[in-house]
Structures are given as C-alpha cells and as structure tokens.
>>> print(open('data-v4.cif').read())   # mmCIF, C-alpha atoms and all ligand atoms
data_coords
#
loop_
_atom_site.label_atom_id
_atom_site.label_comp_id
_atom_site.auth_asym_id
_atom_site.auth_seq_id
_atom_site.Cartn_x
_atom_site.Cartn_y
_atom_site.Cartn_z
CA MET A 1 -29.60 8.37 -2.25
CA ALA A 2 -27.29 7.70 0.70
CA GLN A 3 -24.67 5.18 -0.34
CA PRO A 4 -22.19 3.22 1.78
CA LEU A 5 -18.49 3.52 1.01
CA VAL A 6 -15.47 1.26 0.88
CA PHE A 7 -11.94 2.68 0.96
CA LEU A 8 -9.34 0.97 -1.21
CA GLY A 9 -5.66 1.73 -1.52
CA PRO A 10 -2.17 0.33 -0.96
CA PRO A 11 -0.76 -0.03 2.56
CA ALA A 12 0.15 3.41 4.02
CA SER A 13 -1.98 5.21 1.42
CA GLY A 14 -3.87 6.90 4.26
CA LYS A 15 -7.12 5.00 3.72
CA GLY A 16 -7.52 4.34 7.45
CA THR A 17 -6.93 7.97 8.39
CA GLN A 18 -9.25 9.26 5.69
CA ALA A 19 -12.01 6.69 6.18
CA GLN A 20 -12.08 7.29 9.93
CA ARG A 21 -12.02 11.06 9.54
CA LEU A 22 -14.85 11.01 7.02
CA ALA A 23 -16.91 8.70 9.22
CA GLU A 24 -16.44 11.06 12.18
CA SER A 25 -17.25 14.22 10.24
CA LEU A 26 -20.38 12.77 8.61
CA GLY A 27 -21.50 10.51 11.47
CA PHE A 28 -21.22 7.27 9.49
CA SER A 29 -20.59 3.86 11.10
CA TYR A 30 -17.01 2.73 10.54
CA LEU A 31 -15.17 -0.59 10.52
CA SER A 32 -11.44 -1.14 9.94
CA THR A 33 -10.83 -4.85 9.33
CA GLY A 34 -7.06 -4.40 9.88
CA GLY A 35 -7.70 -2.55 13.17
CA LEU A 36 -10.11 -5.26 14.29
CA LEU A 37 -7.57 -8.00 13.53
CA ARG A 38 -4.72 -6.19 15.30
CA ARG A 39 -6.89 -5.71 18.37
CA ALA A 40 -7.87 -9.40 18.30
CA LEU A 41 -4.14 -10.29 18.19
CA LYS A 42 -3.40 -8.16 21.24
CA ASP A 43 -6.43 -9.58 23.11
CA GLY A 44 -5.36 -13.15 22.25
CA SER A 45 -8.91 -13.95 21.08
CA THR A 46 -9.74 -16.91 18.82
CA LEU A 47 -9.96 -14.53 15.86
CA GLY A 48 -6.51 -13.19 16.77
CA GLU A 49 -4.95 -16.65 17.06
CA GLN A 50 -6.50 -17.79 13.76
CA SER A 51 -5.21 -14.66 12.01
CA ARG A 52 -1.74 -14.48 13.59
CA PRO A 53 0.18 -16.67 11.09
CA TYR A 54 -1.12 -14.63 8.15
CA LEU A 55 -0.52 -11.23 9.76
CA ASP A 56 2.99 -12.36 10.79
CA ARG A 57 3.81 -13.02 7.13
CA GLY A 58 2.14 -9.85 5.85
CA GLU A 59 -0.43 -12.00 4.03
CA TYR A 60 -4.17 -11.59 3.81
CA VAL A 61 -6.33 -13.44 6.27
CA PRO A 62 -8.47 -16.11 4.49
CA ASP A 63 -11.98 -15.18 3.41
CA GLU A 64 -13.52 -17.86 5.69
CA ILE A 65 -12.30 -15.84 8.67
CA ILE A 66 -12.89 -12.28 7.56
CA VAL A 67 -15.98 -12.39 5.31
CA PRO A 68 -18.61 -13.67 7.82
CA MET A 69 -17.40 -11.13 10.36
CA VAL A 70 -17.82 -8.20 7.96
CA LEU A 71 -21.17 -9.40 6.58
CA GLU A 72 -22.51 -9.66 10.11
CA TRP A 73 -21.36 -6.11 10.88
CA VAL A 74 -22.87 -4.71 7.67
CA SER A 75 -26.18 -6.54 8.13
CA GLY A 76 -26.69 -4.79 11.46
CA LYS A 77 -26.27 -1.30 9.98
CA GLN A 78 -29.30 0.79 9.04
CA GLY A 79 -27.66 4.10 8.11
CA GLN A 80 -24.51 5.04 6.21
CA TRP A 81 -21.37 2.99 6.76
CA ILE A 82 -17.74 2.98 5.71
CA LEU A 83 -15.50 -0.05 5.42
CA ASP A 84 -11.73 0.45 5.63
CA GLY A 85 -9.68 -2.49 4.33
CA PHE A 86 -12.59 -4.53 3.00
CA PRO A 87 -13.11 -5.77 0.36
CA ARG A 88 -9.54 -6.59 -0.57
CA THR A 89 -10.14 -9.38 -3.05
CA LEU A 90 -12.52 -9.90 -5.94
CA PRO A 91 -14.46 -12.69 -4.14
CA GLN A 92 -14.85 -10.40 -1.10
CA ALA A 93 -16.24 -7.59 -3.31
CA GLU A 94 -18.61 -9.97 -5.11
CA THR A 95 -19.79 -11.60 -1.86
CA LEU A 96 -20.48 -8.19 -0.32
CA ASP A 97 -22.51 -7.12 -3.37
CA VAL A 98 -24.53 -10.36 -3.39
CA ALA A 99 -25.29 -10.11 0.35
CA LEU A 100 -26.42 -6.49 0.03
CA THR A 101 -28.47 -7.18 -3.10
CA ASN A 102 -30.21 -10.11 -1.38
CA ALA A 103 -30.98 -7.86 1.58
CA GLY A 104 -32.40 -5.17 -0.77
CA LYS A 105 -29.70 -2.71 0.30
CA VAL A 106 -27.73 -0.10 -1.65
CA LEU A 107 -24.36 -1.23 -3.04
CA PRO A 108 -21.23 0.68 -1.95
CA ARG A 109 -19.11 3.12 -3.89
CA ALA A 110 -15.33 2.69 -3.71
CA ILE A 111 -13.00 5.57 -2.86
CA VAL A 112 -9.60 4.65 -4.26
CA LEU A 113 -6.51 6.43 -2.91
CA LYS A 114 -3.63 6.56 -5.37
CA VAL A 115 -0.08 7.03 -4.00
CA PRO A 116 3.27 6.20 -5.73
CA ASP A 117 5.19 3.24 -4.23
CA GLU A 118 8.20 5.37 -3.26
CA GLU A 119 5.97 7.70 -1.23
CA LEU A 120 4.39 4.66 0.49
CA ARG A 121 7.84 3.33 1.49
CA ARG A 122 8.80 6.76 2.84
CA ARG A 123 5.58 7.01 4.87
CA VAL A 124 5.79 3.60 6.43
CA THR A 125 9.11 4.38 8.14
CA GLY A 126 8.33 5.29 11.74
CA ARG A 127 4.56 4.89 11.47
CA ILE A 128 2.84 4.52 14.83
CA GLU A 129 -0.70 3.56 15.74
CA CYS A 130 -2.93 4.07 18.78
CA GLU A 131 -3.81 0.76 20.42
CA SER A 132 -7.25 2.10 21.43
CA CYS A 133 -8.70 4.23 18.62
CA HIS A 134 -6.35 3.25 15.73
CA TRP A 135 -5.20 6.82 15.12
CA THR A 136 -2.17 6.56 12.82
CA GLY A 137 0.71 9.02 12.46
CA THR A 138 4.48 9.35 12.26
CA GLY A 139 5.28 10.56 15.76
CA HIS A 140 4.52 13.81 17.51
CA GLY A 141 6.95 13.72 20.45
CA SER A 142 4.74 11.77 22.86
CA ASP A 143 4.00 8.10 23.64
CA TYR A 144 0.29 8.87 23.87
CA CYS A 145 -2.36 9.30 21.22
CA PRO A 146 -3.14 12.96 20.43
CA LYS A 147 -6.77 12.00 19.87
CA CYS A 148 -7.77 9.77 22.77
CA GLY A 149 -4.71 9.56 25.06
CA GLY A 150 -4.29 5.80 24.35
CA THR A 151 -0.90 4.10 24.08
CA LEU A 152 0.99 4.47 20.79
CA SER A 153 3.08 1.66 19.35
CA ALA A 154 4.80 0.80 16.06
CA ARG A 155 2.76 -1.37 13.72
CA GLU A 156 4.49 -4.73 13.53
CA ASP A 157 3.33 -5.26 9.97
CA ASP A 158 5.22 -2.13 8.87
CA SER A 159 8.66 -3.85 8.99
CA THR A 160 10.34 -3.63 5.57
CA ALA A 161 9.96 -7.27 4.51
CA ARG A 162 6.32 -7.42 5.57
CA PHE A 163 5.58 -4.10 3.95
CA GLU A 164 6.98 -5.26 0.59
CA ASN A 165 4.85 -8.39 0.91
CA ARG A 166 1.75 -6.32 1.64
CA LEU A 167 2.53 -4.18 -1.41
CA ARG A 168 2.74 -7.33 -3.55
CA GLU A 169 -0.56 -8.60 -2.12
CA PHE A 170 -2.08 -5.25 -3.02
CA GLN A 171 -0.95 -5.50 -6.65
CA LYS A 172 -2.09 -9.09 -6.98
CA LEU A 173 -5.44 -8.93 -5.17
CA VAL A 174 -6.67 -5.38 -4.56
CA VAL A 175 -5.90 -4.01 -8.02
CA PRO A 176 -8.37 -6.50 -9.64
CA THR A 177 -10.89 -5.52 -6.92
CA ILE A 178 -10.50 -1.84 -7.88
CA ARG A 179 -11.03 -2.85 -11.54
CA TYR A 180 -14.30 -4.56 -10.51
CA TYR A 181 -15.65 -1.31 -9.00
CA LYS A 182 -14.43 0.67 -12.04
CA GLU A 183 -16.22 -1.68 -14.45
CA LYS A 184 -19.40 -1.14 -12.46
CA SER A 185 -18.83 2.65 -12.52
CA ARG A 186 -18.66 2.71 -8.73
CA ALA A 187 -14.98 3.66 -8.25
CA TYR A 188 -13.72 7.21 -7.56
CA THR A 189 -9.97 7.75 -7.61
CA ILE A 190 -8.43 10.44 -5.41
CA ASP A 191 -4.82 11.62 -5.40
CA GLY A 192 -3.60 10.38 -2.02
CA ALA A 193 -0.17 12.03 -2.23
CA GLY A 194 -1.27 15.43 -0.82
CA THR A 195 -1.67 16.54 2.78
CA PRO A 196 -4.25 14.71 4.96
CA ASP A 197 -6.37 17.93 5.07
CA ASP A 198 -6.39 18.32 1.27
CA ILE A 199 -7.30 14.68 0.77
CA HIS A 200 -10.07 14.93 3.38
CA LEU A 201 -11.55 17.93 1.55
CA ALA A 202 -11.40 16.10 -1.77
CA VAL A 203 -13.12 13.05 -0.27
CA CYS A 204 -15.82 15.22 1.38
CA ASP A 205 -16.49 17.06 -1.90
CA LEU A 206 -16.84 13.78 -3.70
CA VAL A 207 -19.21 12.27 -1.16
CA LYS A 208 -21.36 15.40 -0.84
CA SER A 209 -21.60 15.77 -4.64
CA GLY A 210 -23.04 12.25 -4.71
CA ALA A 211 -20.89 11.72 -7.86
P1 LIG B 1 -4.79 -2.73 7.14
O1 LIG B 1 -4.78 -2.11 8.48
O2 LIG B 1 -6.08 -2.45 6.39
O3 LIG B 1 -3.57 -2.36 6.31
O4 LIG B 1 -4.74 -4.33 7.34
C1 LIG B 1 -3.66 -4.97 8.01
C2 LIG B 1 -3.64 -6.45 7.69
O5 LIG B 1 -4.87 -7.07 8.14
C3 LIG B 1 -3.57 -6.78 6.20
O6 LIG B 1 -2.24 -6.73 5.71
C4 LIG B 1 -4.15 -8.19 6.18
O7 LIG B 1 -3.22 -9.13 6.63
C5 LIG B 1 -5.26 -8.12 7.22
N1 LIG B 1 -6.56 -7.73 6.60
C6 LIG B 1 -7.26 -6.59 6.79
N2 LIG B 1 -8.38 -6.57 6.04
C7 LIG B 1 -8.40 -7.75 5.37
C8 LIG B 1 -9.28 -8.33 4.41
N3 LIG B 1 -10.38 -7.66 3.97
N4 LIG B 1 -8.98 -9.54 3.92
C9 LIG B 1 -7.88 -10.21 4.32
N5 LIG B 1 -7.00 -9.73 5.20
C10 LIG B 1 -7.24 -8.50 5.73
#
>>> encode(input="data-v4.cif", output="structure tokens", more="lines below")
Ligand code: AMP
Amino acid sequence: MAQPLVFLGPPASGKGTQAQRLAESLGFSYLSTGGLLRRALKDGSTLGEQSRPYLDRGEYVPDEIIVPMVLEWVSGKQGQWILDGFPRTLPQAETLDVALTNAGKVLPRAIVLKVPDEELRRRVTGRIECESCHWTGTGHGSDYCPKCGGTLSAREDDSTARFENRLREFQKLVVPTIRYYKEKSRAYTIDGAGTPDDIHLAVCDLVKSGA
C-alpha cells in the first residue's frame, strides 16, 4: 500500500535534498517546514515574525505555530506525500499519527539519514540555498540556482553557533522521535555519508521495495 514518508536527520544530513529529489522523481507532494519558515521570514508574514526569535537562536519553533500548519497541509493531500523537517519532536510525531488515524489515513514511514557530526560540520561551511525552490548546495561558481535560476544566498542558520545549537536540539528532541518510529517498526536508516546520487538510489530502492 502507498505510504507517506517523513525524512529525519541532523542539520546538513541532506534530508532536504533527498526528500525533494525523491518527491520529484516519484511525483509525491512535498513540504519542507524549514523552507516554509525561511520563506515566511523573508516575506515578513505573521508566521515569519512569530518564528523569527526562535530561528535567530537556532531553536525549534513552538508546536502551537508549526503543528496546525502541517496538519492542514497533510489533511488536504489525497496521494503520496513527503514531509521534510517534520515531525521533529515526540509530541509532533504523536499528534501527526493521531490526526491521520482519526482521518482513517495510512501512517508514515520514517527515512532516517545517519551522518557523523564531523561530516555535518564540514558540510555546513559554505552551504547556500535557493530563495525560490530551496535547492541546497555548496557553491557552483554562480549566484543563481542551477535548478530554477533563482537567487542563491547563505543560510543564516548555518553560522557556527547556531549550527551547534541545532545539533544539540537534534540530539535532545529528534533522537527520541526517531526512537518512536523505530519502536513502531516504521523507521528505515540510510547511510547519509555517501554521494547524493548513491543516497538517492538507496532511498528509491527502499521506497520501491515497500520495506
Ligand atoms: P530545516 O530546514 O529543516 O533544517 O529547518 C530549519 C529551522 O526551522 C529549524 O532549525 C527550526 O528552527 C525550524 N523548524 C523546521 N521544522 C520544524 C519543526 N517541525 N518544528 C519546529 N521547528 C522547526
């Protein structure tokens, strides 16, 4: 049976790149909560202003802000979907499961990308992101996105202090969330230290096998 997916992993593990690539190759709906929040910040919307203090400190945005937004997005989806960056906490994972169960929908599987901390720190140096489509990379000699031609800029939350804080938030909050999916036999760990192409193939194999 078709099953939705959530991508979990530390900051700079490549979850955004992989989730987006998988969604494009399989035609699944895709939502990046981090991308949505960064866009809201740039637009100066209410969501952006509410989230700004947390994003500035490299902290997670409170559930009251993020959860209703994601549940609304999920409730409107009929086919396959992929969430990138949600759930990040145990209450978020539980709330998502309850909402889907109440709606008689299939519960998601979690794809967990595993990357050593030192590799994450190396990757985050010089990371740039497209302001339009959220393509992420480490520079390719142009100020414009290789995918859509949008403007590229450094991610503010990649500064060293903020990155270390995001890594601590990951250990404290996401690791228990991963454990939740493992206990329910719905977590699939993938080595995220290889090349983006190798990881994409591994993710595709896993999804197609319906493991
Ligand atoms: P990401 O692009 O997934 O690394 O997310 C960037 C930032 O957005 C995170 O460090 C959080 O501050 C915020 N964020 C994204 N998703 C969530 C979420 N599910 N819960 C709380 N904060 C989030």
>>> closest_residue(input="data-v4.cif", among="A:Arg52, A:Lys105, A:Arg127, A:Lys172", to="ligand LIG 1 (chain B)", atoms="all atoms listed in the file")
A:Arg52
>>> closest_atom_pairs(input="data-v4.cif", of="chain A", to="ligand LIG 1 (chain B)", cutoff="7 Å", atoms="only C-alpha atoms and all ligand atoms", output="Markdown table")
| residue | atom | partner | partner_atom | distance |
| --- | --- | --- | --- | --- |
| A:Pro11 | CA | B:LIG1 | O3 | 5.2 |
| A:Ser32 | CA | B:LIG1 | O2 | 6.6 |
| A:Thr33 | CA | B:LIG1 | N2 | 4.4 |
| A:Gly34 | CA | B:LIG1 | O4 | 3.4 |
| A:Gly35 | CA | B:LIG1 | O1 | 5.5 |
| A:Leu37 | CA | B:LIG1 | O5 | 6.1 |
| A:Tyr54 | CA | B:LIG1 | O7 | 6.1 |
| A:Leu55 | CA | B:LIG1 | O7 | 4.6 |
| A:Gly58 | CA | B:LIG1 | O6 | 5.4 |
| A:Glu59 | CA | B:LIG1 | O7 | 4.8 |
| A:Tyr60 | CA | B:LIG1 | N5 | 3.7 |
| A:Val61 | CA | B:LIG1 | N5 | 3.9 |
| A:Pro62 | CA | B:LIG1 | C9 | 5.9 |
| A:Asp63 | CA | B:LIG1 | N4 | 6.4 |
| A:Ile66 | CA | B:LIG1 | N4 | 6.0 |
| A:Asp84 | CA | B:LIG1 | O2 | 6.4 |
| A:Gly85 | CA | B:LIG1 | O2 | 4.1 |
| A:Phe86 | CA | B:LIG1 | N3 | 4.0 |
| A:Pro87 | CA | B:LIG1 | N3 | 4.9 |
| A:Arg88 | CA | B:LIG1 | N3 | 4.7 |
| A:Arg166 | CA | B:LIG1 | O6 | 5.7 |
>>> closest_residue(input="data-v4.cif", among="A:Gly137, A:Gly44, A:Pro4, A:Gly192", to="A:Leu83", atoms="all atoms listed in the file")
A:Pro4
>>> closest_residue(input="data-v4.cif", among="A:Tyr188, A:Tyr180, A:Phe28, A:Phe163", to="A:Asp117", atoms="all atoms listed in the file")
A:Phe163
>>> closest_residue(input="data-v4.cif", among="A:Pro10, A:Gly48, A:Gly76, A:Pro116", to="A:Gly194", atoms="only C-alpha atoms")
A:Pro116
>>> residues_around(input="data-v4.cif", residues="A:Glu72", least_positions_apart="3", cutoff="12 Å", atoms="only C-alpha atoms", output="ChimeraX atom specification")
/A:31,66-69,75-77,96,99-100
>>> closest_residue(input="data-v4.cif", among="A:Thr151, A:Ser25, A:Thr89, A:Ser159", to="A:Arg121", atoms="only C-alpha atoms")
A:Ser159
>>> closest_residue(input="data-v4.cif", among="A:Ser132, A:Asn165, A:Asn102, A:Gln18", to="A:Gly149", atoms="only C-alpha atoms")
A:Ser132
